[in-house]
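Listing of target-v1.txt, compact mmCIF, C-alpha atoms and all ligand atoms
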```txt
# COMPACT_ATOMS: atom_id res chain seq x y z
CA MET A 272 -30.36 5.19 -4.48
CA ILE A 273 -27.12 4.41 -6.30
CA LYS A 274 -24.52 2.67 -4.17
CA SER A 275 -20.83 2.02 -4.77
CA PRO A 276 -20.20 -1.19 -6.76
CA ARG A 277 -19.69 -4.43 -4.83
CA GLY A 278 -16.11 -4.91 -3.74
CA THR A 279 -15.25 -1.22 -3.77
CA SER A 280 -15.06 1.02 -0.74
CA ASP A 281 -15.38 4.70 0.02
CA VAL A 282 -12.79 6.13 2.36
CA LEU A 283 -14.42 8.88 4.37
CA PRO A 284 -12.96 11.36 6.83
CA PRO A 285 -11.70 10.96 9.50
CA GLU A 286 -10.61 7.50 8.21
CA SER A 287 -8.99 9.09 5.15
CA ALA A 288 -6.40 10.67 7.45
CA LYS A 289 -5.17 7.16 8.23
CA TRP A 290 -4.59 6.60 4.52
CA ILE A 291 -2.65 9.82 4.19
CA TYR A 292 -0.47 8.73 7.09
CA LEU A 293 -0.01 5.19 5.74
CA GLU A 294 0.89 6.44 2.27
CA GLY A 295 3.34 8.83 3.90
CA ILE A 296 5.03 5.92 5.69
CA VAL A 297 5.45 3.77 2.58
CA ARG A 298 6.75 6.72 0.57
CA GLU A 299 9.14 7.65 3.35
CA VAL A 300 10.55 4.12 3.73
CA ALA A 301 10.89 3.90 -0.08
CA ARG A 302 12.79 7.20 -0.02
CA ARG A 303 15.19 5.90 2.61
CA TYR A 304 15.96 2.95 0.32
CA ASN A 305 16.47 5.30 -2.64
CA PHE A 306 13.47 4.13 -4.67
CA ASP A 307 11.83 6.62 -7.04
CA GLU A 308 8.12 6.76 -7.71
CA ILE A 309 6.73 5.73 -11.08
CA ARG A 310 3.11 6.63 -11.98
CA LEU A 311 1.43 4.48 -14.56
CA PRO A 312 -1.94 4.14 -16.29
CA THR A 313 -4.60 2.10 -14.47
CA PHE A 314 -5.40 0.20 -17.66
CA GLU A 315 -3.09 -1.53 -20.13
CA HIS A 316 -3.39 -3.73 -23.20
CA SER A 317 -4.80 -7.06 -22.02
CA GLU A 318 -1.96 -8.85 -23.77
CA LEU A 319 0.52 -7.37 -21.30
CA PHE A 320 -1.01 -9.39 -18.49
CA SER A 321 -1.69 -12.59 -20.41
CA ARG A 322 1.94 -12.63 -21.58
CA THR A 323 3.58 -11.86 -18.24
CA VAL A 324 1.24 -12.89 -15.44
CA GLY A 325 0.32 -15.96 -17.52
CA GLU A 326 -2.63 -17.26 -19.56
CA THR A 327 -3.41 -20.05 -17.14
CA THR A 328 -3.18 -18.16 -13.86
CA ASP A 329 -6.23 -17.40 -11.71
CA ILE A 330 -5.65 -13.71 -12.28
CA VAL A 331 -5.82 -13.88 -16.07
CA GLU A 332 -8.37 -16.70 -16.32
CA LYS A 333 -10.87 -15.48 -13.76
CA GLU A 334 -10.11 -12.20 -12.11
CA MET A 335 -9.43 -9.51 -14.70
CA TYR A 336 -11.63 -6.57 -15.54
CA THR A 337 -11.23 -6.73 -19.30
CA PHE A 338 -13.15 -4.61 -21.77
CA LYS A 339 -13.07 -3.42 -25.34
CA ASP A 340 -12.91 0.31 -25.96
CA LYS A 341 -14.86 1.99 -28.75
CA THR A 342 -12.34 1.04 -31.41
CA GLY A 343 -12.25 -2.56 -30.24
CA ARG A 344 -8.92 -2.50 -28.39
CA ASP A 345 -8.65 -5.17 -25.76
CA LEU A 346 -7.89 -3.39 -22.48
CA THR A 347 -7.65 -4.49 -18.85
CA LEU A 348 -7.77 -2.63 -15.55
CA ARG A 349 -4.41 -3.56 -14.05
CA PRO A 350 -4.73 -6.55 -11.70
CA GLU A 351 -1.20 -6.10 -10.34
CA GLY A 352 1.65 -3.63 -10.59
CA THR A 353 4.80 -5.34 -11.82
CA ALA A 354 3.77 -5.99 -15.44
CA GLY A 355 3.02 -2.30 -16.03
CA VAL A 356 6.28 -1.18 -14.43
CA ALA A 357 8.20 -3.63 -16.61
CA ARG A 358 6.34 -2.41 -19.71
CA ALA A 359 7.23 1.22 -18.88
CA PHE A 360 10.82 0.30 -17.99
CA LEU A 361 11.26 -1.15 -21.45
CA GLU A 362 9.21 1.41 -23.35
CA HIS A 363 11.23 4.32 -21.97
CA GLY A 364 14.62 2.79 -22.59
CA MET A 365 15.52 2.37 -18.92
CA ALA A 366 17.14 -0.95 -19.77
CA SER A 367 20.04 0.93 -21.36
CA GLY A 368 20.18 3.52 -18.56
CA PRO A 369 22.06 3.23 -15.28
CA LEU A 370 21.25 -0.01 -13.50
CA PRO A 371 20.05 -1.15 -11.07
CA ARG A 372 16.93 0.96 -11.34
CA LYS A 373 14.78 1.11 -8.21
CA LEU A 374 11.15 2.09 -8.65
CA TYR A 375 8.02 2.10 -6.50
CA TYR A 376 4.35 2.58 -7.29
CA LEU A 377 1.22 3.33 -5.33
CA GLY A 378 -2.23 2.93 -6.78
CA SER A 379 -5.41 0.99 -7.41
CA MET A 380 -5.42 -2.61 -8.63
CA PHE A 381 -8.53 -4.41 -9.86
CA ARG A 382 -9.51 -8.02 -9.45
CA TYR A 383 -12.84 -9.65 -9.90
CA GLU A 384 -12.94 -11.95 -6.89
CA ARG A 385 -15.17 -12.70 -3.96
CA PRO A 386 -14.93 -9.69 -1.63
CA GLN A 387 -13.68 -10.57 1.85
CA ALA A 388 -12.02 -8.86 4.81
CA GLY A 389 -9.12 -6.73 3.62
CA ARG A 390 -9.68 -7.80 -0.01
CA TYR A 391 -11.53 -5.65 -2.49
CA ARG A 392 -12.22 -5.64 -6.22
CA GLU A 393 -10.53 -2.28 -6.33
CA HIS A 394 -7.77 -2.18 -3.80
CA ARG A 395 -4.80 0.06 -3.18
CA GLN A 396 -1.37 -1.40 -3.53
CA PHE A 397 2.17 -0.30 -2.87
CA GLY A 398 4.99 -2.11 -4.60
CA VAL A 399 8.70 -1.85 -5.33
CA GLU A 400 10.79 -3.20 -8.20
CA VAL A 401 14.55 -3.43 -8.63
CA PHE A 402 15.64 -3.90 -12.24
CA GLY A 403 19.12 -4.94 -13.31
CA SER A 404 20.45 -6.82 -10.30
CA LEU A 405 20.88 -10.55 -10.10
CA SER A 406 22.45 -10.21 -6.67
CA PRO A 407 20.64 -11.74 -3.71
CA TYR A 408 21.54 -8.51 -1.89
CA SER A 409 18.71 -6.95 -3.89
CA ASP A 410 16.33 -9.70 -2.73
CA VAL A 411 17.31 -8.88 0.84
CA GLU A 412 16.94 -5.16 0.23
CA VAL A 413 13.31 -5.43 -0.90
CA ILE A 414 12.56 -7.86 1.93
CA THR A 415 13.92 -5.52 4.60
CA LEU A 416 12.10 -2.60 2.99
CA ALA A 417 8.81 -4.46 3.47
CA MET A 418 9.81 -5.35 7.03
CA ASP A 419 10.66 -1.74 7.84
CA ILE A 420 7.23 -0.60 6.69
CA ALA A 421 5.61 -3.24 8.89
CA GLU A 422 7.72 -2.08 11.82
CA GLU A 423 6.88 1.59 11.28
CA LEU A 424 3.23 0.54 11.45
CA GLY A 425 3.71 -1.23 14.77
CA LEU A 426 3.54 -4.77 13.42
CA THR A 427 6.11 -6.65 15.47
CA GLY A 428 6.72 -10.35 14.97
CA THR A 429 6.36 -10.52 11.20
CA GLU A 430 7.40 -13.83 9.69
CA LEU A 431 9.34 -14.21 6.48
CA VAL A 432 8.57 -17.26 4.36
CA LEU A 433 10.84 -18.17 1.44
CA ASN A 434 11.12 -20.55 -1.45
CA SER A 435 13.01 -20.80 -4.72
CA ILE A 436 11.12 -21.95 -7.79
CA GLY A 437 14.17 -22.06 -10.06
CA CYS A 438 14.65 -20.71 -13.56
CA PRO A 439 13.58 -21.84 -17.04
CA LYS A 440 16.76 -23.91 -17.18
CA CYS A 441 15.99 -26.09 -14.17
CA ARG A 442 12.22 -25.81 -14.11
CA GLY A 443 11.71 -28.12 -17.08
CA ALA A 444 13.06 -31.17 -15.30
CA TYR A 445 11.20 -30.25 -12.15
CA ARG A 446 7.91 -29.82 -14.02
CA GLU A 447 8.27 -33.26 -15.52
CA GLU A 448 8.87 -34.78 -12.10
CA LEU A 449 5.90 -32.93 -10.70
CA ILE A 450 3.59 -33.98 -13.55
CA ALA A 451 4.74 -37.58 -13.16
CA TYR A 452 4.00 -37.37 -9.43
CA LEU A 453 0.56 -35.79 -9.85
CA SER A 454 -0.66 -37.81 -12.85
CA PRO A 455 -1.66 -41.07 -11.08
CA ASN A 456 -4.06 -39.16 -8.76
CA ILE A 457 -5.10 -36.44 -11.13
CA ASP A 458 -8.71 -37.63 -11.32
CA GLU A 459 -9.09 -36.97 -7.60
CA MET A 460 -7.89 -33.39 -7.92
CA CYS A 461 -9.99 -30.29 -8.51
CA GLN A 462 -11.02 -29.04 -11.94
CA ASP A 463 -8.37 -26.27 -11.92
CA CYS A 464 -5.54 -28.66 -11.11
CA ARG A 465 -6.74 -31.15 -13.72
CA SER A 466 -6.87 -28.60 -16.48
CA ARG A 467 -3.49 -27.13 -15.49
CA LEU A 468 -1.58 -30.35 -15.02
CA THR A 469 0.38 -30.13 -18.24
CA HIS A 470 0.92 -26.37 -18.64
CA ASN A 471 1.04 -25.06 -15.08
CA PRO A 472 1.53 -27.93 -12.61
CA LEU A 473 3.19 -25.64 -10.03
CA ARG A 474 -0.19 -24.14 -9.26
CA ALA A 475 -1.33 -27.46 -7.80
CA LEU A 476 1.13 -26.84 -4.96
CA ASP A 477 -0.79 -23.93 -3.53
CA CYS A 478 -4.28 -25.09 -4.50
CA LYS A 479 -6.74 -24.23 -1.74
CA ASN A 480 -8.84 -27.35 -2.35
CA GLU A 481 -8.59 -29.65 0.71
CA ARG A 482 -8.27 -32.84 -1.32
CA CYS A 483 -5.58 -31.33 -3.53
CA LYS A 484 -3.69 -30.17 -0.44
CA VAL A 485 -3.47 -33.74 0.82
CA LEU A 486 -2.44 -35.09 -2.58
CA VAL A 487 0.41 -32.62 -3.07
CA LYS A 488 1.75 -32.84 0.48
CA ASP A 489 4.71 -35.04 -0.48
CA ALA A 490 5.10 -33.78 -4.04
CA PRO A 491 8.65 -33.14 -5.27
CA ALA A 492 9.95 -29.70 -4.27
CA SER A 493 11.50 -27.25 -6.71
CA LEU A 494 14.33 -26.72 -4.21
CA ASP A 495 15.57 -30.23 -4.94
CA TYR A 496 15.86 -29.52 -8.67
CA LEU A 497 17.67 -26.19 -8.74
CA CYS A 498 20.44 -25.78 -11.29
CA ASP A 499 23.89 -24.68 -10.08
CA GLU A 500 23.22 -20.96 -10.58
CA CYS A 501 19.83 -21.09 -8.86
CA ARG A 502 21.31 -23.15 -6.02
CA GLU A 503 24.11 -20.64 -5.56
CA HIS A 504 21.64 -17.74 -5.50
CA TRP A 505 19.43 -19.54 -2.99
CA ASP A 506 22.32 -20.46 -0.69
CA LEU A 507 23.77 -16.95 -0.76
CA LEU A 508 20.37 -15.38 -0.10
CA ARG A 509 19.91 -17.47 3.03
CA GLU A 510 23.48 -16.80 4.11
CA ILE A 511 22.96 -13.05 3.87
CA LEU A 512 19.67 -13.21 5.76
CA THR A 513 21.32 -15.18 8.53
CA SER A 514 24.31 -12.86 8.66
CA VAL A 515 22.07 -9.82 9.18
CA GLY A 516 19.93 -11.64 11.73
CA ILE A 517 16.71 -11.97 9.74
CA LYS A 518 14.82 -15.12 10.66
CA TYR A 519 12.96 -16.94 7.93
CA SER A 520 11.29 -20.24 7.25
CA VAL A 521 11.27 -22.22 4.01
CA ASP A 522 7.92 -23.25 2.56
CA LYS A 523 8.38 -25.67 -0.34
CA SER A 524 4.81 -25.15 -1.49
CA LEU A 525 5.11 -21.37 -1.78
CA VAL A 526 4.86 -20.66 -5.51
CA ARG A 527 2.90 -17.35 -5.83
CA GLY A 528 0.29 -17.49 -8.55
CA ILE A 529 2.09 -15.57 -11.28
CA ASP A 530 4.09 -17.01 -14.19
CA TYR A 531 6.83 -14.40 -14.35
CA TYR A 532 8.38 -15.38 -11.04
CA THR A 533 11.76 -17.09 -11.06
CA ARG A 534 14.04 -18.19 -8.23
CA THR A 535 13.16 -16.37 -5.01
CA VAL A 536 9.54 -16.10 -3.97
CA PHE A 537 8.66 -14.76 -0.55
CA GLU A 538 5.83 -13.66 1.67
CA LEU A 539 5.86 -11.51 4.76
CA LYS A 540 3.21 -12.71 7.20
CA TRP A 541 1.80 -11.29 10.37
CA PRO A 542 0.08 -14.05 12.38
CA PRO A 543 -2.35 -11.85 14.40
CA LEU A 544 -4.25 -11.28 11.13
CA GLY A 545 -5.36 -14.92 11.24
CA PRO A 546 -4.30 -17.98 9.25
CA ALA A 547 -6.20 -17.14 6.06
CA GLY A 548 -5.28 -13.50 5.73
CA SER A 549 -1.93 -13.17 7.44
CA THR A 550 0.07 -12.31 4.31
CA LEU A 551 1.09 -8.65 4.34
CA CYS A 552 3.00 -8.71 1.11
CA GLY A 553 4.34 -11.13 -1.44
CA GLY A 554 6.97 -10.93 -4.09
CA GLY A 555 10.00 -12.42 -5.66
CA ARG A 556 12.31 -12.44 -8.66
CA TYR A 557 11.26 -12.06 -12.27
CA ASP A 558 14.53 -12.43 -14.11
CA GLY A 559 12.88 -13.29 -17.43
CA LEU A 560 10.11 -10.67 -17.43
CA ILE A 561 11.80 -7.94 -19.47
CA GLU A 562 12.92 -10.49 -22.06
CA GLU A 563 9.40 -11.89 -22.19
CA LEU A 564 8.28 -8.40 -23.22
CA GLY A 565 10.81 -8.30 -26.03
CA GLY A 566 13.64 -6.55 -24.20
CA PRO A 567 17.19 -7.50 -23.27
CA PRO A 568 17.83 -9.86 -20.36
CA VAL A 569 17.35 -7.62 -17.31
CA PRO A 570 16.73 -9.41 -14.02
CA GLY A 571 14.37 -8.01 -11.42
CA VAL A 572 13.02 -8.46 -7.92
CA GLY A 573 10.19 -6.79 -6.03
CA PHE A 574 7.00 -7.14 -4.03
CA GLY A 575 3.44 -5.89 -3.88
CA MET A 576 1.71 -4.90 -0.66
CA GLY A 577 -2.05 -4.49 -0.21
CA LEU A 578 -2.68 -1.33 1.73
CA GLU A 579 -6.17 -2.22 3.00
CA ARG A 580 -4.56 -5.25 4.60
CA MET A 581 -1.80 -3.09 6.13
CA LEU A 582 -4.38 -0.78 7.69
CA LEU A 583 -6.34 -3.74 9.03
CA ALA A 584 -3.14 -5.08 10.57
CA ASN A 585 -2.19 -1.68 11.93
CA GLU A 586 -5.48 -1.47 13.83
CA LYS A 587 -4.60 -4.73 15.62
CA GLY A 588 -0.97 -3.76 16.16
CA GLU A 589 0.96 -1.76 18.72
CA LYS A 590 0.80 1.64 17.01
CA PRO A 591 -2.71 2.13 15.63
CA ILE A 592 -2.83 5.23 13.47
CA LYS A 593 -5.10 7.89 14.86
CA ALA A 594 -7.95 8.89 12.62
CA GLY A 595 -7.83 12.57 11.72
CA GLY A 596 -10.23 15.26 12.86
CA GLU A 597 -8.08 17.81 14.61
CA ILE A 598 -7.37 21.44 13.89
CA ASP A 599 -5.04 24.00 15.44
CA VAL A 600 -7.32 26.98 15.82
CA PHE A 601 -11.04 27.65 15.73
CA ILE A 602 -12.02 31.31 15.66
CA VAL A 603 -15.28 32.00 17.44
CA CYS A 604 -17.00 35.12 16.14
CA PRO A 605 -20.74 35.25 16.78
CA LYS A 606 -22.86 37.77 14.93
CA ALA A 607 -23.17 41.08 16.76
CA GLY A 608 -26.29 42.32 18.41
CA GLY A 609 -25.03 45.91 18.11
CA GLY A 610 -23.90 48.14 15.27
CA GLN A 611 -23.71 46.88 11.70
CA GLU A 612 -20.51 48.71 10.88
CA ASP A 613 -18.66 47.35 13.88
CA ASP A 614 -19.70 43.85 12.91
CA LEU A 615 -18.42 44.25 9.35
CA ARG A 616 -15.06 45.37 10.68
CA ARG A 617 -14.98 42.39 13.00
CA GLU A 618 -15.90 40.05 10.14
CA ALA A 619 -13.08 41.45 8.03
CA HIS A 620 -10.73 40.87 10.92
CA LEU A 621 -11.99 37.29 11.27
CA LEU A 622 -11.15 36.50 7.65
CA GLU A 623 -7.80 38.24 7.85
CA LEU A 624 -6.84 36.47 11.05
CA ALA A 625 -7.88 33.06 9.70
CA ARG A 626 -5.86 33.59 6.55
CA SER A 627 -2.75 34.78 8.38
CA LEU A 628 -2.88 31.74 10.69
CA ARG A 629 -3.31 29.44 7.69
CA LYS A 630 -0.36 31.05 5.94
CA ARG A 631 1.71 30.27 9.01
CA GLY A 632 0.82 26.60 8.52
CA LEU A 633 -1.90 26.32 11.16
CA ALA A 634 -5.11 24.43 10.35
CA CYS A 635 -7.77 26.97 11.14
CA ASP A 636 -11.53 27.17 10.78
CA PHE A 637 -14.52 29.31 11.77
CA ASP A 638 -18.28 29.28 11.39
CA PRO A 639 -19.28 31.00 8.13
CA LEU A 640 -22.90 30.97 9.30
CA ARG A 641 -21.87 32.88 12.42
CA ARG A 642 -24.25 31.15 14.78
CA SER A 643 -24.41 31.75 18.51
CA MET A 644 -21.35 31.72 20.77
CA LYS A 645 -22.52 28.45 22.31
CA ALA A 646 -23.00 26.77 18.92
CA GLN A 647 -19.55 27.88 17.78
CA MET A 648 -17.87 26.60 20.95
CA LYS A 649 -19.54 23.26 20.26
CA GLN A 650 -18.13 23.28 16.74
CA ALA A 651 -14.65 23.99 18.07
CA ASP A 652 -15.05 21.01 20.39
CA ARG A 653 -16.23 18.71 17.63
CA MET A 654 -13.25 19.66 15.47
CA ASN A 655 -10.86 19.00 18.36
CA ALA A 656 -9.42 22.49 18.10
CA ARG A 657 -6.23 22.95 20.12
CA PHE A 658 -6.89 26.65 20.52
CA VAL A 659 -9.98 28.81 20.35
CA VAL A 660 -9.71 32.49 19.55
CA ILE A 661 -12.75 34.47 20.59
CA LEU A 662 -13.38 37.61 18.57
CA GLY A 663 -16.06 38.96 20.89
CA GLU A 664 -17.83 42.26 20.37
CA ASP A 665 -16.68 43.96 23.56
CA GLU A 666 -13.05 42.79 23.43
CA PHE A 667 -12.83 43.76 19.77
CA ARG A 668 -13.96 47.26 20.57
CA SER A 669 -11.10 47.58 23.02
CA GLY A 670 -8.64 46.12 20.46
CA SER A 671 -8.16 42.68 21.97
CA VAL A 672 -9.29 39.05 21.68
CA ALA A 673 -9.43 36.05 24.00
CA VAL A 674 -7.16 33.07 23.32
CA ARG A 675 -8.07 29.79 24.98
CA SER A 676 -6.03 26.62 25.12
CA MET A 677 -8.44 23.69 24.93
CA ARG A 678 -5.80 21.19 26.04
CA GLU A 679 -4.48 23.11 29.02
CA GLY A 680 -7.63 24.96 29.93
CA TRP A 681 -6.19 28.47 30.28
CA GLN A 682 -7.54 31.63 28.67
CA LYS A 683 -5.94 35.02 28.26
CA THR A 684 -6.75 38.32 26.66
CA VAL A 685 -4.22 39.50 24.09
CA PRO A 686 -3.99 42.54 21.80
CA LEU A 687 -5.42 41.94 18.30
CA GLY A 688 -2.02 42.05 16.65
CA GLU A 689 -0.51 39.40 18.93
CA VAL A 690 -2.85 36.45 18.40
CA LEU A 691 -0.49 34.58 16.14
CA ALA A 692 2.50 35.16 18.41
CA SER A 693 0.65 33.98 21.49
CA ILE A 694 -0.58 30.81 19.76
CA GLU A 695 2.81 30.00 18.34
CA GLU A 696 4.41 30.52 21.73
CA ALA A 697 1.83 28.34 23.49
CA GLY A 698 2.02 25.77 20.68
CA GLN A 699 5.74 25.36 21.21
CA ASN A 700 5.23 24.61 24.86
CA GLY A 701 2.62 21.97 24.29
ZN ZN A 801 17.86 -22.61 -12.44
ZN ZN A 802 -6.64 -28.24 -6.94
```
So, in terms of structure tokens, how does the structure I just supplied come out?
Ligand SMILES: [Zn+2]
Ligand SMILES: [Zn+2]
Amino acid sequence: MIKSPRGTSDVLPPESAKWIYLEGIVREVARRYNFDEIRLPTFEHSELFSRTVGETTDIVEKEMYTFKDKTGRDLTLRPEGTAGVARAFLEHGMASGPLPRKLYYLGSMFRYERPQAGRYREHRQFGVEVFGSLSPYSDVEVITLAMDIAEELGLTGTELVLNSIGCPKCRGAYREELIAYLSPNIDEMCQDCRSRLTHNPLRALDCKNERCKVLVKDAPASLDYLCDECREHWDLLREILTSVGIKYSVDKSLVRGIDYYTRTVFELKWPPLGPAGSTLCGGGRYDGLIEELGGPPVPGVGFGMGLERMLLANEKGEKPIKAGGEIDVFIVCPKAGGGQEDDLRREAHLLELARSLRKRGLACDFDPLRRSMKAQMKQADRMNARFVVILGEDEFRSGSVAVRSMREGWQKTVPLGEVLASIEEAGQNG
């Protein structure tokens, strides 16, 4: 038997209804913030990611699904969303359009990593990007957007963690300090940190290796090396957050594992998910990204949010989404024992009635196999039908049907032509 590849997951009904709801929430919150959706290919030229995410990052070094197509092009299933959005932003001339430009995406990302709770090799991600604003107001806007989504999903008590990792102007001096600090103990650090010391020393700060963690505990912090512009941005960002009553904490070791980040980096955490997996979303500024891709200097800020993780959190939160599996009307119409012609007329009426209810927006179903009355009532139960309409032989002959409310328990006989009206009337009352 062929199974789905390791690290992928099938979303089956009724669970899929939760996804529809969740995707509705993120789209709705994005709409309220005036972000427009952008839909992009799931694979890109590998170079896009090595140039933006960074040659020496975990993502590019270890986690990408890279392949050659039949003409030998080097392609990669996108491991994250921002690089592709930036590529499209530039390719379609948005840099010379009205700015800021606010875009969101929703789709699969691919990373070859050890599968664990809420983390898959193909996972669904929602993300937003603001291009063309250097203002810390835009940092705050994307942060509150993420917080609003968490709130809509019943996740109270989220924690915002912030850092600033400076810009190319001030990072040089900081890197030197950091390398000088790490060098004496470099032999005690892990292989990754050793090989990255000279070209990506920042990564040592969030290394998961226990020995490395101890060694970098008192390492110099980027915050102490910010240039005047970065300092001003950082101070104003915190001022705005305080003025609108958003609590945050500063984590000097927060660097996010992607090269394109500049200045602000942030994570939104939700502690009930546990210490290892409490991060709901992460993001920051990427003021040099568009230039890196050959475009004009256009600053940007955004975040990416793993949706499997959001669902996992939602299940532990105050407003767990209900799985689907509910319909408005089930029409019970068992096969007749009597005349053939009568039954055909009744069958035609069944189809007509179902279609007219559906056209009125009601989710409606019936048994195409037309099993016994008892079997059909069981089906109606299993589908959680709010109403059952019984097209029985005797009632039909006298031009009427029975309508039963499964929630309230009543049943009444109504003329054939008034089924819809009676359901709509009852539906409005409950
Ligand atoms: Zn700077
Ligand atoms: Zn390390």
(request) May I ask which of the residues A:Lys683, A:Lys341, A:Lys289, A:Arg668 is the closest one to A:Ala594, counting only C-alpha atoms? (result)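 Smallest separation from A:Ala594 among the options: A:Lys289.
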Any chance you could tabulate, as a Markdown table, the residues of chain A at most 9 Å from ligand ZN 802 (chain A) with each one's nearest atom pair and distance in Å to one decimal, using all atoms listed in the file, in chain and rising number order?
```
| residue | atom | partner | partner_atom | distance |
| --- | --- | --- | --- | --- |
| A:Met460 | CA | A:ZN802 | ZN | 5.4 |
| A:Cys461 | CA | A:ZN802 | ZN | 4.2 |
| A:Gln462 | CA | A:ZN802 | ZN | 6.7 |
| A:Asp463 | CA | A:ZN802 | ZN | 5.6 |
| A:Cys464 | CA | A:ZN802 | ZN | 4.3 |
| A:Arg465 | CA | A:ZN802 | ZN | 7.4 |
| A:Arg474 | CA | A:ZN802 | ZN | 8.0 |
| A:Ala475 | CA | A:ZN802 | ZN | 5.4 |
| A:Leu476 | CA | A:ZN802 | ZN | 8.1 |
| A:Asp477 | CA | A:ZN802 | ZN | 8.0 |
| A:Cys478 | CA | A:ZN802 | ZN | 4.6 |
| A:Lys479 | CA | A:ZN802 | ZN | 6.6 |
| A:Asn480 | CA | A:ZN802 | ZN | 5.2 |
| A:Glu481 | CA | A:ZN802 | ZN | 8.0 |
| A:Arg482 | CA | A:ZN802 | ZN | 7.4 |
| A:Cys483 | CA | A:ZN802 | ZN | 4.7 |
| A:Lys484 | CA | A:ZN802 | ZN | 7.4 |
```
(message) Let me see if you get this right: every residue at most 9 Å from ligand ZN 801 (chain A), counting all atoms listed in the file, written as a PyMOL selection string.
(response) chain A and resi 436-442+496-502+533-534
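The space separating atom CA of A:Leu361 from atom CA of A:Leu433 comes to 28.5 Å.
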(message) So that I can see what lies close to A:Cys604, please list as a VMD selection string the residues with an atom at most 9 Å from it, counting all atoms listed in the file and leaving out residues fewer than 5 positions away in the same chain.
(response) chain A and resid 617 to 618 621 637 to 638 641 to 644 647 660 to 664
(message) Ranking A:Gly559, A:Pro350, A:Gly565, A:Gly553 by minimum distance to A:Arg527 and counting only C-alpha atoms, which one comes first?
(response) A:Gly553
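Note that atom CA of A:Met576 and atom CA of A:Glu423 are 14.5 Å apart.
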Edge lengths and centre in Å to one decimal, as lines of an AutoDock Vina configuration file, is what I'm after for the box along x, y and z that holds all listed atoms of stretch 542-548 of chain A once 3 Å is added on each side.
```
center_x = -3.1
center_y = -14.6
center_z = 10.1
size_x = 12.3
size_y = 12.7
size_z = 14.7
```
(request) Kindly give the distance, in Å, that separates atom CA of A:Ala359 and atom CA of A:Phe537, rounded to a single decimal. (result) 24.4 Å
(message) Here is a test: counting all atoms listed in the file, which residue of A:Lys523, A:Arg629, A:Arg616, A:His363 is nearest to A:Ala490?
(response)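 Smallest distance to A:Ala490 is found for A:Lys523.
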Using only C-alpha atoms, which protein or nucleic acid residues come within 9 Å of A:Leu628? Drop anything in the same chain fewer than 5 positions from it, and give the result as an mmCIF file with C-alpha atoms, in the frame of the given file.
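Result file selection-v2.cif:
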```cif
data_model
loop_
_atom_site.group_PDB
_atom_site.id
_atom_site.type_symbol
_atom_site.label_atom_id
_atom_site.label_comp_id
_atom_site.auth_asym_id
_atom_site.auth_seq_id
_atom_site.Cartn_x
_atom_site.Cartn_y
_atom_site.Cartn_z
ATOM 1 C CA VAL A 600 -7.320 26.980 15.820
ATOM 2 C CA GLU A 623 -7.800 38.240 7.850
ATOM 3 C CA LEU A 633 -1.900 26.320 11.160
ATOM 4 C CA ALA A 634 -5.110 24.430 10.350
ATOM 5 C CA CYS A 635 -7.770 26.970 11.140
ATOM 6 C CA LEU A 691 -0.490 34.580 16.140
#
```
(request) Fewer than 2 positions away in the same chain doesn't count, so skip those; otherwise give me all residues within 12 Å of A:Pro567, counting all atoms listed in the file, as a PyMOL selection string. (result) chain A and resi 357+360-362+364-367+402-403+558-565+569-570
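In terms of minimum interatomic distance to A:Gly571, A:Pro371 ranks closest within A:Gly428, A:Pro542, A:Pro371, A:Gly528, counting all atoms listed in the file.
Restricting the calculation to only C-alpha atoms, the smallest distance between A:Arg277 and any of A:Glu612, A:Asp410, A:Glu393, A:Glu318 is found for A:Glu393.
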(request) Mind checking which residues fall within 10 Å of A:Gly698, counting all atoms listed in the file, ignoring those fewer than 6 positions away in the same chain, and posting them as a list of chain:residue names? (result)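 The residues that qualify are A:Asp599, A:Arg657, A:Phe658, A:Ser676, A:Ala692.
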(request) Find the spatial neighbours of A:Ile330, counting all atoms listed in the file, within a cut-off of 10 Å - ignore same-chain residues fewer than 3 positions away - and output them as a list in words. (result) Phe320, Ser321, Val324, Gly325, Glu326, Thr327, Lys333, Glu334, Met335, Tyr336, Pro350, Glu351, Arg382, Tyr383, Glu384, Gly528 and Ile529 of chain A
For the selection you just gave me, I'd like the residues written to a file as an mmCIF file, in the frame of the given file, keeping C-alpha atoms.
```cif
data_model
loop_
_atom_site.group_PDB
_atom_site.id
_atom_site.type_symbol
_atom_site.label_atom_id
_atom_site.label_comp_id
_atom_site.auth_asym_id
_atom_site.auth_seq_id
_atom_site.Cartn_x
_atom_site.Cartn_y
_atom_site.Cartn_z
ATOM 1 C CA PHE A 320 -1.010 -9.390 -18.490
ATOM 2 C CA SER A 321 -1.690 -12.590 -20.410
ATOM 3 C CA VAL A 324 1.240 -12.890 -15.440
ATOM 4 C CA GLY A 325 0.320 -15.960 -17.520
ATOM 5 C CA GLU A 326 -2.630 -17.260 -19.560
ATOM 6 C CA THR A 327 -3.410 -20.050 -17.140
ATOM 7 C CA LYS A 333 -10.870 -15.480 -13.760
ATOM 8 C CA GLU A 334 -10.110 -12.200 -12.110
ATOM 9 C CA MET A 335 -9.430 -9.510 -14.700
ATOM 10 C CA TYR A 336 -11.630 -6.570 -15.540
ATOM 11 C CA PRO A 350 -4.730 -6.550 -11.700
ATOM 12 C CA GLU A 351 -1.200 -6.100 -10.340
ATOM 13 C CA ARG A 382 -9.510 -8.020 -9.450
ATOM 14 C CA TYR A 383 -12.840 -9.650 -9.900
ATOM 15 C CA GLU A 384 -12.940 -11.950 -6.890
ATOM 16 C CA GLY A 528 0.290 -17.490 -8.550
ATOM 17 C CA ILE A 529 2.090 -15.570 -11.280
#
```
